[in-house]
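Here's structure.csv, which has CSV, C-alpha atoms and all ligand atoms:
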```csv
chain,number,residue,atom,x,y,z
Q,21,MET,CA,-33.5,-117.9,85.1
Q,22,GLN,CA,-32.3,-118.4,81.5
Q,23,VAL,CA,-28.7,-119.2,81.1
Q,24,PHE,CA,-26.4,-117.4,78.7
Q,25,GLN,CA,-25.0,-119.3,75.8
Q,26,GLY,CA,-21.9,-118.2,74.0
Q,27,ILE,CA,-20.2,-118.3,70.6
Q,28,ASP,CA,-16.4,-117.6,70.3
Q,29,LEU,CA,-15.2,-116.2,67.0
Q,30,PHE,CA,-11.4,-116.5,66.3
Q,31,SER,CA,-11.2,-118.6,69.4
Q,32,GLY,CA,-7.6,-119.6,69.2
Q,33,ALA,CA,-6.7,-122.1,72.0
Q,34,GLY,CA,-9.6,-120.8,74.1
Q,35,GLY,CA,-8.4,-118.2,76.6
Q,36,LEU,CA,-11.5,-116.1,76.2
Q,37,SER,CA,-13.8,-119.1,76.1
Q,38,LEU,CA,-12.3,-120.5,79.3
Q,39,GLY,CA,-13.0,-117.2,81.0
Q,40,ALA,CA,-16.6,-117.2,79.7
Q,41,ILE,CA,-17.2,-120.7,80.9
Q,42,ASP,CA,-15.6,-120.0,84.3
Q,43,ALA,CA,-17.9,-117.0,84.6
Q,44,GLY,CA,-21.0,-119.2,84.0
Q,45,ILE,CA,-21.6,-118.9,80.2
Q,46,ASP,CA,-22.6,-122.1,78.4
Q,47,VAL,CA,-20.3,-121.8,75.3
Q,48,LYS,CA,-21.7,-123.7,72.4
Q,49,VAL,CA,-19.6,-123.0,69.4
Q,50,ALA,CA,-16.0,-121.9,68.6
Q,51,ILE,CA,-14.5,-121.1,65.3
Q,52,ASP,CA,-10.8,-120.9,64.3
Q,53,LYS,CA,-8.9,-121.6,61.2
Q,54,ASN,CA,-5.6,-122.8,62.8
Q,55,SER,CA,-5.7,-126.5,63.2
Q,56,PHE,CA,-3.3,-126.7,66.2
Q,57,ALA,CA,-5.3,-124.0,68.1
Q,58,ALA,CA,-8.5,-125.9,67.2
Q,59,SER,CA,-7.0,-129.1,68.4
Q,60,THR,CA,-6.0,-127.5,71.8
Q,61,TYR,CA,-9.5,-126.0,72.1
Q,62,HIS,CA,-11.2,-129.3,71.4
Q,63,HIS,CA,-8.9,-131.3,73.7
Q,64,ASN,CA,-9.7,-129.0,76.7
Q,65,LEU,CA,-13.2,-127.9,76.0
Q,66,PRO,CA,-14.7,-131.0,74.3
Q,67,GLU,CA,-18.3,-130.0,75.1
Q,68,VAL,CA,-18.1,-127.0,72.7
Q,69,LYS,CA,-18.6,-127.5,69.0
Q,70,MET,CA,-15.3,-126.5,67.6
Q,71,ILE,CA,-15.4,-125.6,63.9
Q,72,ASN,CA,-11.9,-125.6,62.4
Q,73,SER,CA,-12.4,-123.3,59.4
Q,74,ASP,CA,-11.8,-119.9,57.9
Q,75,ILE,CA,-14.7,-117.9,59.3
Q,76,LYS,CA,-15.4,-116.4,55.8
Q,77,ASN,CA,-16.6,-119.9,54.7
Q,78,ILE,CA,-19.0,-120.4,57.6
Q,79,ASP,CA,-22.7,-120.6,56.8
Q,80,ILE,CA,-24.2,-119.0,59.8
Q,81,GLU,CA,-27.5,-120.8,59.4
Q,82,LYS,CA,-25.6,-124.0,60.3
Q,83,VAL,CA,-24.5,-122.4,63.6
Q,84,ARG,CA,-27.8,-121.0,64.6
Q,85,HIS,CA,-29.4,-124.3,65.7
Q,86,HIS,CA,-26.8,-124.6,68.6
Q,87,ILE,CA,-28.4,-121.6,70.3
Q,88,ASP,CA,-31.8,-121.5,72.0
Q,89,GLN,CA,-31.2,-119.1,74.9
Q,90,LYS,CA,-29.8,-115.6,75.3
Q,91,LEU,CA,-26.5,-115.2,73.4
Q,92,VAL,CA,-23.2,-113.6,74.1
Q,93,LEU,CA,-21.2,-113.4,70.9
Q,94,PHE,CA,-17.6,-112.8,71.7
Q,95,GLY,CA,-14.1,-113.1,70.2
Q,96,GLY,CA,-10.7,-111.6,69.5
Q,97,PRO,CA,-10.1,-111.0,65.8
Q,98,PRO,CA,-6.4,-111.1,64.8
Q,99,CYS,CA,-4.6,-108.0,66.4
Q,100,GLN,CA,-1.1,-107.9,64.8
Q,101,GLY,CA,-2.4,-105.6,62.1
Q,102,PHE,CA,-3.5,-103.0,64.8
Q,103,SER,CA,-0.4,-103.3,67.0
Q,104,VAL,CA,1.7,-100.2,67.3
Q,105,SER,CA,4.8,-102.4,67.2
Q,106,ASN,CA,3.9,-103.4,63.7
Q,107,SER,CA,4.6,-100.5,61.3
Q,108,ARG,CA,4.7,-102.8,58.2
Q,109,THR,CA,1.1,-104.1,57.9
Q,110,ARG,CA,-0.7,-101.7,60.3
Q,111,ASN,CA,-3.0,-100.4,57.5
Q,112,PHE,CA,-6.0,-100.8,55.2
Q,113,LYS,CA,-4.1,-103.3,53.0
Q,114,ASN,CA,-3.8,-105.9,55.7
Q,115,PRO,CA,-6.8,-108.3,54.9
Q,116,ASN,CA,-6.9,-109.4,58.6
Q,117,ASN,CA,-7.8,-105.8,59.6
Q,118,TRP,CA,-11.1,-106.3,57.8
Q,119,LEU,CA,-12.1,-109.5,59.6
Q,120,TYR,CA,-14.2,-107.4,62.1
Q,121,LYS,CA,-16.7,-107.4,59.2
Q,122,GLU,CA,-17.2,-111.1,59.8
Q,123,PHE,CA,-18.0,-110.3,63.4
Q,124,ILE,CA,-20.7,-107.9,62.2
Q,125,ARG,CA,-22.0,-110.5,59.8
Q,126,PHE,CA,-22.5,-112.9,62.7
Q,127,ILE,CA,-24.2,-110.1,64.8
Q,128,GLU,CA,-26.6,-109.3,61.9
Q,129,HIS,CA,-27.6,-113.0,61.6
Q,130,LEU,CA,-27.8,-114.1,65.2
Q,131,ASN,CA,-28.9,-110.9,66.9
Q,132,PRO,CA,-27.1,-111.6,70.2
Q,133,GLU,CA,-28.1,-109.8,73.4
Q,134,TRP,CA,-24.4,-109.1,74.2
Q,135,VAL,CA,-21.3,-108.7,72.1
Q,136,VAL,CA,-17.7,-108.7,73.5
Q,137,ILE,CA,-14.8,-107.9,71.1
Q,138,GLU,CA,-11.3,-108.0,72.4
Q,139,ASN,CA,-8.3,-106.5,70.7
Q,140,VAL,CA,-5.2,-104.2,71.2
Q,141,SER,CA,-5.6,-100.5,71.9
Q,142,GLY,CA,-3.9,-99.8,68.6
Q,143,ILE,CA,-7.2,-100.5,66.9
Q,144,LYS,CA,-8.3,-97.1,68.0
Q,145,GLU,CA,-5.5,-95.3,66.1
Q,146,THR,CA,-4.9,-97.5,63.1
Q,147,GLU,CA,-5.5,-95.6,59.9
Q,148,GLY,CA,-6.8,-92.6,61.9
Q,149,GLY,CA,-9.3,-94.7,63.8
Q,150,VAL,CA,-11.3,-95.8,60.8
Q,151,PHE,CA,-11.6,-99.5,61.8
Q,152,PHE,CA,-12.7,-98.6,65.3
Q,153,ASP,CA,-15.2,-96.0,64.2
Q,154,ASN,CA,-16.6,-98.5,61.7
Q,155,ILE,CA,-17.2,-101.1,64.4
Q,156,LEU,CA,-18.9,-98.5,66.7
Q,157,HIS,CA,-21.0,-97.2,63.8
Q,158,GLU,CA,-22.1,-100.7,62.7
Q,159,LEU,CA,-23.0,-101.7,66.3
Q,160,ASN,CA,-25.0,-98.5,66.8
Q,161,ILE,CA,-26.9,-99.1,63.5
Q,162,LEU,CA,-27.8,-102.6,64.8
Q,163,GLY,CA,-29.2,-101.0,68.0
Q,164,PHE,CA,-26.4,-101.7,70.4
Q,165,GLN,CA,-25.2,-99.5,73.3
Q,166,VAL,CA,-21.4,-99.7,73.3
Q,167,PHE,CA,-18.9,-99.5,76.1
Q,168,TYR,CA,-15.2,-99.8,75.8
Q,169,ALA,CA,-12.1,-99.7,78.0
Q,170,LEU,CA,-8.4,-100.6,78.1
Q,171,LEU,CA,-7.8,-103.1,80.9
Q,172,ASN,CA,-4.4,-104.2,82.2
Q,173,ALA,CA,-4.4,-107.8,83.2
Q,174,SER,CA,-2.2,-107.2,86.2
Q,175,ASP,CA,-5.0,-105.2,87.8
Q,176,TYR,CA,-7.3,-108.3,87.7
Q,177,GLY,CA,-5.2,-111.0,89.4
Q,178,VAL,CA,-3.1,-112.0,86.3
Q,179,PRO,CA,0.7,-111.9,86.9
Q,180,GLN,CA,1.4,-110.0,83.7
Q,181,LYS,CA,1.3,-106.3,82.6
Q,182,ARG,CA,-0.8,-106.9,79.5
Q,183,ASN,CA,-3.1,-104.3,78.1
Q,184,ARG,CA,-6.2,-105.5,76.2
Q,185,PHE,CA,-8.9,-103.4,74.7
Q,186,PHE,CA,-12.5,-104.5,75.2
Q,187,ILE,CA,-15.6,-103.4,73.5
Q,188,VAL,CA,-18.7,-104.6,75.3
Q,189,ALA,CA,-22.1,-103.9,73.8
Q,190,ASN,CA,-25.7,-104.9,74.4
Q,191,ARG,CA,-29.0,-104.3,72.7
Q,192,ILE,CA,-31.2,-104.4,75.8
Q,193,GLY,CA,-30.5,-101.0,77.2
Q,194,LEU,CA,-28.2,-102.0,80.1
Q,195,GLU,CA,-25.3,-99.9,81.3
Q,196,TYR,CA,-22.2,-102.1,81.5
Q,197,ASN,CA,-19.5,-101.3,84.0
Q,198,PHE,CA,-16.0,-102.8,83.6
Q,199,PRO,CA,-14.8,-104.8,86.5
Q,200,HIS,CA,-13.1,-103.1,89.5
Q,201,LYS,CA,-9.4,-103.4,89.8
Q,202,ILE,CA,-8.0,-105.5,92.6
Q,203,LYS,CA,-5.2,-104.1,94.7
Q,204,LYS,CA,-2.9,-107.1,95.1
Q,205,ARG,CA,-0.6,-107.7,92.1
Q,206,ILE,CA,0.6,-111.3,91.6
Q,207,THR,CA,4.3,-111.6,90.9
Q,208,VAL,CA,6.3,-113.8,88.5
Q,209,SER,CA,7.7,-115.7,91.5
Q,210,GLU,CA,4.2,-116.5,92.9
Q,211,ALA,CA,3.2,-117.6,89.5
Q,212,ILE,CA,6.0,-120.0,88.5
Q,213,GLU,CA,8.3,-120.9,91.4
Q,214,ASP,CA,6.7,-124.3,92.1
Q,215,LEU,CA,6.9,-125.4,88.4
Q,216,PRO,CA,9.1,-128.3,87.3
Q,217,LEU,CA,12.9,-127.6,87.1
Q,218,VAL,CA,13.8,-127.5,83.4
Q,219,GLY,CA,16.9,-126.6,81.4
Q,220,ASN,CA,17.5,-124.9,78.1
Q,221,GLY,CA,15.9,-126.9,75.3
Q,222,ASN,CA,13.9,-129.2,77.6
Q,223,THR,CA,11.9,-131.7,75.5
Q,224,ILE,CA,10.3,-133.7,78.4
Q,225,ASP,CA,6.7,-132.7,78.3
Q,226,GLN,CA,5.3,-134.1,81.6
Q,227,LEU,CA,7.2,-133.4,84.8
Q,228,ARG,CA,6.6,-133.3,88.6
Q,229,TYR,CA,6.3,-130.0,90.4
Q,230,SER,CA,9.6,-128.8,92.0
Q,231,LYS,CA,7.8,-127.6,95.1
Q,232,ASN,CA,4.9,-128.9,97.1
Q,233,GLU,CA,5.2,-126.9,100.3
Q,234,GLN,CA,4.6,-123.2,100.7
Q,235,VAL,CA,3.1,-122.9,97.3
Q,236,SER,CA,1.5,-119.5,96.6
Q,237,GLU,CA,-2.3,-119.1,96.6
Q,238,TYR,CA,-2.1,-118.3,92.8
Q,239,ALA,CA,-0.2,-121.5,92.0
Q,240,LYS,CA,-2.5,-123.6,94.2
Q,241,LEU,CA,-5.5,-122.3,92.3
Q,242,LEU,CA,-3.9,-123.2,88.9
Q,243,ARG,CA,-2.4,-126.6,89.8
Q,244,ASN,CA,-5.4,-127.8,91.8
Q,245,SER,CA,-4.6,-131.3,93.3
Q,246,ALA,CA,-2.2,-132.4,90.5
Q,247,GLN,CA,1.4,-133.7,91.2
Q,248,SER,CA,2.8,-133.0,87.8
Q,249,CYS,CA,2.0,-130.9,84.7
Q,250,SER,CA,2.7,-131.0,81.0
Q,251,ASN,CA,3.9,-128.5,78.3
Q,252,ASN,CA,7.3,-128.0,80.1
Q,253,LEU,CA,9.0,-127.5,76.8
Q,254,VAL,CA,11.7,-124.9,76.4
Q,255,THR,CA,13.2,-123.5,73.2
Q,256,ARG,CA,16.7,-124.7,72.7
Q,257,ASN,CA,19.0,-121.6,72.5
Q,258,SER,CA,22.5,-121.7,71.1
Q,259,GLU,CA,25.5,-121.3,73.5
Q,260,THR,CA,26.0,-117.8,72.0
Q,261,ILE,CA,22.5,-116.8,73.2
Q,262,ILE,CA,22.9,-118.4,76.6
Q,263,THR,CA,26.2,-116.5,77.0
Q,264,ARG,CA,24.3,-113.3,76.3
Q,265,TYR,CA,21.6,-114.2,78.9
Q,266,LYS,CA,24.2,-114.4,81.6
Q,267,HIS,CA,24.9,-110.7,81.3
Q,268,VAL,CA,21.3,-109.6,81.8
Q,269,PRO,CA,20.1,-108.9,85.4
Q,270,GLN,CA,16.4,-109.1,86.4
Q,271,GLY,CA,14.6,-106.2,84.8
Q,272,GLY,CA,17.5,-105.7,82.3
Q,273,ASN,CA,17.5,-106.3,78.5
Q,274,TRP,CA,19.8,-106.4,75.5
Q,275,GLN,CA,21.5,-103.2,76.6
Q,276,ASN,CA,23.2,-105.1,79.4
Q,277,ILE,CA,24.9,-107.4,76.9
Q,278,PRO,CA,28.5,-106.4,75.9
Q,279,LYS,CA,28.6,-105.0,72.3
Q,280,GLU,CA,31.1,-107.7,71.2
Q,281,LEU,CA,28.5,-110.4,72.0
Q,282,MET,CA,25.8,-108.7,69.9
Q,283,GLN,CA,27.7,-108.5,66.7
Q,284,ASN,CA,24.9,-110.0,64.5
Q,285,TYR,CA,22.6,-107.1,65.5
Q,286,ALA,CA,23.7,-104.8,62.7
Q,287,ASP,CA,21.7,-101.9,64.1
Q,288,ARG,CA,21.5,-102.0,67.9
Q,289,ASN,CA,19.3,-98.9,67.9
Q,290,ARG,CA,16.5,-100.9,66.4
Q,291,CYS,CA,16.4,-103.3,69.3
Q,292,HIS,CA,13.3,-102.7,71.5
Q,293,THR,CA,13.4,-103.0,75.3
Q,294,GLY,CA,11.6,-106.3,75.2
Q,295,ILE,CA,14.5,-108.1,73.5
Q,296,TYR,CA,16.5,-110.2,75.9
Q,297,HIS,CA,14.4,-109.0,78.8
Q,298,ARG,CA,14.9,-110.9,82.1
Q,299,LEU,CA,11.7,-111.0,84.1
Q,300,LEU,CA,11.7,-109.4,87.6
Q,301,ALA,CA,10.8,-112.0,90.1
Q,302,ASN,CA,8.9,-109.6,92.4
Q,303,GLN,CA,6.6,-108.0,89.8
Q,304,PRO,CA,4.1,-109.1,87.3
Q,305,SER,CA,5.7,-110.2,84.0
Q,306,LYS,CA,6.1,-108.2,80.8
Q,307,VAL,CA,3.8,-109.1,78.0
Q,308,ILE,CA,4.0,-112.7,76.9
Q,309,GLY,CA,4.3,-112.2,73.2
Q,310,ASN,CA,5.8,-114.0,70.2
Q,311,PHE,CA,8.7,-116.0,71.8
Q,312,ARG,CA,11.0,-115.6,68.9
Q,313,LYS,CA,10.7,-111.8,68.9
Q,314,ASN,CA,10.6,-111.1,72.6
Q,315,MET,CA,13.0,-113.7,74.1
Q,316,LEU,CA,11.9,-113.3,77.7
Q,317,ILE,CA,14.4,-114.8,80.1
Q,318,HIS,CA,13.6,-116.7,83.3
Q,319,PRO,CA,14.2,-114.6,86.4
Q,320,PHE,CA,16.8,-116.9,87.9
Q,321,GLU,CA,17.9,-119.3,85.2
Q,322,ASP,CA,19.8,-118.7,81.9
Q,323,ARG,CA,17.1,-119.9,79.6
Q,324,GLY,CA,13.8,-118.9,78.0
Q,325,LEU,CA,10.5,-119.6,79.6
Q,326,SER,CA,8.8,-123.0,79.3
Q,327,VAL,CA,5.4,-123.1,77.6
Q,328,ARG,CA,3.9,-124.0,81.0
Q,329,GLU,CA,5.6,-121.0,82.7
Q,330,ALA,CA,4.2,-118.7,80.0
Q,331,ALA,CA,0.8,-120.3,80.4
Q,332,ARG,CA,0.9,-119.7,84.2
Q,333,LEU,CA,1.7,-116.0,83.5
Q,334,GLN,CA,-1.4,-115.9,81.3
Q,335,SER,CA,-3.5,-117.5,84.1
Q,336,PHE,CA,-4.2,-120.8,82.3
Q,337,PRO,CA,-4.8,-123.7,84.8
Q,338,ASP,CA,-2.2,-126.5,84.6
Q,339,ARG,CA,-4.9,-128.9,83.4
Q,340,TYR,CA,-5.2,-126.9,80.2
Q,341,ILE,CA,-3.0,-128.7,77.7
Q,342,PHE,CA,-1.6,-127.1,74.5
Q,343,GLN,CA,-1.2,-129.2,71.4
Q,344,GLY,CA,1.2,-129.0,68.4
Q,345,SER,CA,4.9,-128.5,68.2
Q,346,ILE,CA,6.6,-126.1,70.7
Q,347,GLY,CA,6.4,-123.2,68.3
Q,348,TYR,CA,2.6,-123.6,67.9
Q,349,GLN,CA,2.1,-124.1,71.7
Q,350,GLN,CA,4.1,-120.8,72.3
Q,351,GLN,CA,2.0,-119.0,69.7
Q,352,GLN,CA,-1.3,-120.2,71.2
Q,353,VAL,CA,-0.3,-119.1,74.7
Q,354,ALA,CA,0.9,-115.7,73.5
Q,355,ASP,CA,-2.2,-115.1,71.4
Q,356,ALA,CA,-4.6,-115.8,74.3
Q,357,VAL,CA,-6.7,-113.5,76.4
Q,358,PRO,CA,-5.8,-114.3,80.0
Q,359,PRO,CA,-8.7,-116.5,81.2
Q,360,LEU,CA,-8.9,-114.8,84.6
Q,361,LEU,CA,-9.2,-111.3,83.0
Q,362,ALA,CA,-11.9,-112.6,80.5
Q,363,LYS,CA,-13.8,-114.2,83.4
Q,364,LYS,CA,-14.0,-110.8,85.2
Q,365,VAL,CA,-15.3,-109.1,82.1
Q,366,PHE,CA,-18.0,-111.7,81.5
Q,367,GLU,CA,-19.0,-111.8,85.2
Q,368,GLU,CA,-20.0,-108.2,85.0
Q,369,ILE,CA,-22.4,-109.1,82.2
Q,370,LEU,CA,-23.9,-112.0,84.2
Q,371,ASN,CA,-24.2,-109.9,87.4
Q,372,LEU,CA,-25.9,-107.1,85.5
Q,373,ASP,CA,-28.4,-109.4,83.8
Q,374,GLY,CA,-28.9,-111.5,87.0
Q,375,ASN,CA,-29.8,-108.3,88.9
Q,376,LEU,CA,-32.7,-107.8,86.6
Q,377,GLU,CA,-34.4,-111.2,87.2
N,1,LIG,C1,-5.6,-113.4,68.9
N,1,LIG,S1,-6.0,-115.0,68.4
N,1,LIG,C2,-7.4,-115.4,69.4
N,1,LIG,C3,-7.0,-115.8,70.8
N,1,LIG,C4,-8.2,-116.2,71.6
N,1,LIG,N1,-9.3,-115.2,71.7
N,1,LIG,C5,-7.8,-116.7,73.0
N,1,LIG,O1,-8.2,-116.0,74.0
N,1,LIG,O2,-7.2,-117.7,73.1
N,1,LIG,C6,-6.7,-114.8,66.8
N,1,LIG,C7,-7.1,-116.1,66.1
N,1,LIG,O3,-7.8,-115.8,64.9
N,1,LIG,C8,-7.6,-116.9,64.1
N,1,LIG,N2,-7.9,-116.5,62.7
N,1,LIG,C9,-7.3,-115.6,61.9
N,1,LIG,N3,-7.9,-115.4,60.7
N,1,LIG,C10,-9.0,-116.3,60.8
N,1,LIG,C11,-10.0,-116.6,59.9
N,1,LIG,N4,-10.1,-116.0,58.7
N,1,LIG,N5,-11.0,-117.5,60.2
N,1,LIG,C12,-10.9,-118.1,61.4
N,1,LIG,N6,-10.0,-117.8,62.3
N,1,LIG,C13,-9.0,-116.9,62.0
N,1,LIG,C14,-6.1,-117.3,64.3
N,1,LIG,O4,-5.9,-118.7,63.9
N,1,LIG,C15,-6.0,-117.1,65.8
N,1,LIG,O5,-6.1,-118.3,66.5
```

What does this structure look like when you write it as structure tokens?
Ligand SMILES: C[S@@+](CC[C@H](N)C(=O)[O-])C[C@H]1O[C@@H](n2cnc3c(N)ncnc32)[C@H](O)[C@@H]1O
Amino acid sequence: MQVFQGIDLFSGAGGLSLGAIDAGIDVKVAIDKNSFAASTYHHNLPEVKMINSDIKNIDIEKVRHHIDQKLVLFGGPPCQGFSVSNSRTRNFKNPNNWLYKEFIRFIEHLNPEWVVIENVSGIKETEGGVFFDNILHELNILGFQVFYALLNASDYGVPQKRNRFFIVANRIGLEYNFPHKIKKRITVSEAIEDLPLVGNGNTIDQLRYSKNEQVSEYAKLLRNSAQSCSNNLVTRNSETIITRYKHVPQGGNWQNIPKELMQNYADRNRCHTGIYHRLLANQPSKVIGNFRKNMLIHPFEDRGLSVREAARLQSFPDRYIFQGSIGYQQQQVADAVPPLLAKKVFEEILNLDGNLE
């Protein structure tokens, strides 16, 4: 049986790639222009050829020779420009919203059997759906049958309520079915309670786990046989912010903070519910997004999440090490597709294709 090979466009730190590899795809090439994301990718997945470049400058002929089997071309073009929470640049003028054309350029040149495009559901409505319609139209012209769905990561074993929109297409006439949901939802406690004890502003990267007995199945899976883990960094918040945290119960947000402590928020009505949200220990987490905008609070401690806690909530294994300063690490984790969710989406492709052999 032929193996599937993969190419990851806009790979970031490699969440989607890790899921593809875990599903059984031999990922050959990844492209991303951010040097810190590229460095994380290369550090963790050294067998893949990582090209740290703007995709617009890539000569596809130089990529082609890496592929000699059936190809799955996949990737998540930048999604901020399609996100409903972004009213400022959610439009035609945002150059990032046109990067899907690069995806089409790669499809035209490499003629993959399968294509997987990941984004936010807002892509369907942005500018009246023109971007989404264009993608479907281009794929149809190139002979692809297209399937799409909005998946919530918490339905697939990831301890986070994160919606991701997937377009899966093939040019070999197969009907793709999205993975079945699993009933059990993993909670924040199960995901992070064995991680090292850290305080506000922790700068010590590598620390021992706080708990080795009665560790959840989820945590066991991600820590494997390690005794310690890295990326335990926590943003240093000022005393003013820590004082605000103390007023927020689990599941609460900025609305629980007394008005007199929120004086620098000129217009409190413009705060969204994600600001100063303290995670519920017994449920999947809220979306791990940009740390500076979202300010998620640890369920039991008066501090933000460490990078490793956020990575656990995204289903990255502890051996996956993020590079760059804390801000870059947080961004890479927040940008990623949860590897466990990605794995399920890719497994359905392999199952389908395997059944035909
Ligand atoms: C949403 S993130 C991808 C996350 C990734 N799929 C994962 O699962 O970890 C989008 C990525 O696109 C990259 N990017 C944006 N514009 C690019 C361009 N013109 N060329 C190459 N990469 C670009 C960004 O650096 C960012 O890492």

Any chance you could tabulate, as CSV, the residues of chain Q at most 9 Å from ligand LIG 1 (chain N) with each one's nearest atom pair and distance in Å to one decimal, using all atoms listed in the file, in chain and rising number order?
```
residue,atom,partner,partner_atom,distance
Q:Asp28,CA,N:LIG1,N1,7.6
Q:Leu29,CA,N:LIG1,N6,7.2
Q:Phe30,CA,N:LIG1,O3,3.9
Q:Ser31,CA,N:LIG1,C4,4.4
Q:Gly32,CA,N:LIG1,O5,3.4
Q:Ala33,CA,N:LIG1,O2,4.6
Q:Gly34,CA,N:LIG1,O2,4.0
Q:Gly35,CA,N:LIG1,O1,3.4
Q:Leu36,CA,N:LIG1,O1,4.0
Q:Ser37,CA,N:LIG1,O1,6.7
Q:Leu38,CA,N:LIG1,O1,8.1
Q:Gly39,CA,N:LIG1,O1,8.6
Q:Ile51,CA,N:LIG1,C12,6.1
Q:Asp52,CA,N:LIG1,N6,3.8
Q:Lys53,CA,N:LIG1,C12,4.0
Q:Asn54,CA,N:LIG1,O4,4.3
Q:Ser55,CA,N:LIG1,O4,7.8
Q:Phe56,CA,N:LIG1,O4,8.7
Q:Ala57,CA,N:LIG1,O5,6.0
Q:Ala58,CA,N:LIG1,O5,8.0
Q:Tyr61,CA,N:LIG1,O2,8.7
Q:Asn72,CA,N:LIG1,C12,7.6
Q:Ser73,CA,N:LIG1,C12,5.8
Q:Asp74,CA,N:LIG1,N5,3.4
Q:Ile75,CA,N:LIG1,N5,3.8
Q:Lys76,CA,N:LIG1,N4,6.1
Q:Asn77,CA,N:LIG1,N5,8.2
Q:Ile78,CA,N:LIG1,N5,8.9
Q:Phe94,CA,N:LIG1,N1,8.6
Q:Gly95,CA,N:LIG1,N1,5.4
Q:Gly96,CA,N:LIG1,N1,4.4
Q:Pro97,CA,N:LIG1,C6,5.2
Q:Pro98,CA,N:LIG1,C6,4.2
Q:Cys99,CA,N:LIG1,C1,6.0
Q:Gln100,CA,N:LIG1,C1,8.2
Q:Asn116,CA,N:LIG1,N3,6.4
Q:Leu119,CA,N:LIG1,N4,6.9
Q:Glu122,CA,N:LIG1,N4,8.7
Q:Glu138,CA,N:LIG1,N1,7.5
Q:Asn139,CA,N:LIG1,C1,7.6
Q:Gln351,CA,N:LIG1,O5,8.7
Q:Gln352,CA,N:LIG1,O2,6.7
Q:Val353,CA,N:LIG1,O2,7.2
Q:Ala354,CA,N:LIG1,C1,8.3
Q:Asp355,CA,N:LIG1,C1,4.5
Q:Ala356,CA,N:LIG1,O2,3.4
Q:Val357,CA,N:LIG1,O1,3.8
Q:Pro358,CA,N:LIG1,O1,6.7
Q:Pro359,CA,N:LIG1,O1,7.2
Q:Ala362,CA,N:LIG1,O1,8.2
```

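Relative to atom CA of Leu253 of chain Q, atom CA of Gly324 of chain Q is found at 9.9 Å.
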
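The spacing separating atom CA of Lys90 of chain Q from atom CA of Glu158 of chain Q amounts to 21.0 Å.
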
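Between atom CA of Val49 of chain Q and atom CA of Val83 of chain Q the separation is 7.6 Å.
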
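Checking Q:Leu170, Q:Leu242, Q:Val92, Q:Cys249 one by one against Asn190 of chain Q, counting all atoms listed in the file, you find the shortest gap at Q:Val92.
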
Using all atoms listed in the file, collect all residues at a distance of at most 6 Å from (-25.4, -106.5, 80.9) as written in the file, then present them as a CSV table (one decimal) with C-alpha atoms, in the coordinates of the input.
```csv
chain,number,residue,atom,x,y,z
Q,194,LEU,CA,-28.2,-102.0,80.1
Q,196,TYR,CA,-22.2,-102.1,81.5
Q,369,ILE,CA,-22.4,-109.1,82.2
Q,372,LEU,CA,-25.9,-107.1,85.5
Q,373,ASP,CA,-28.4,-109.4,83.8
```
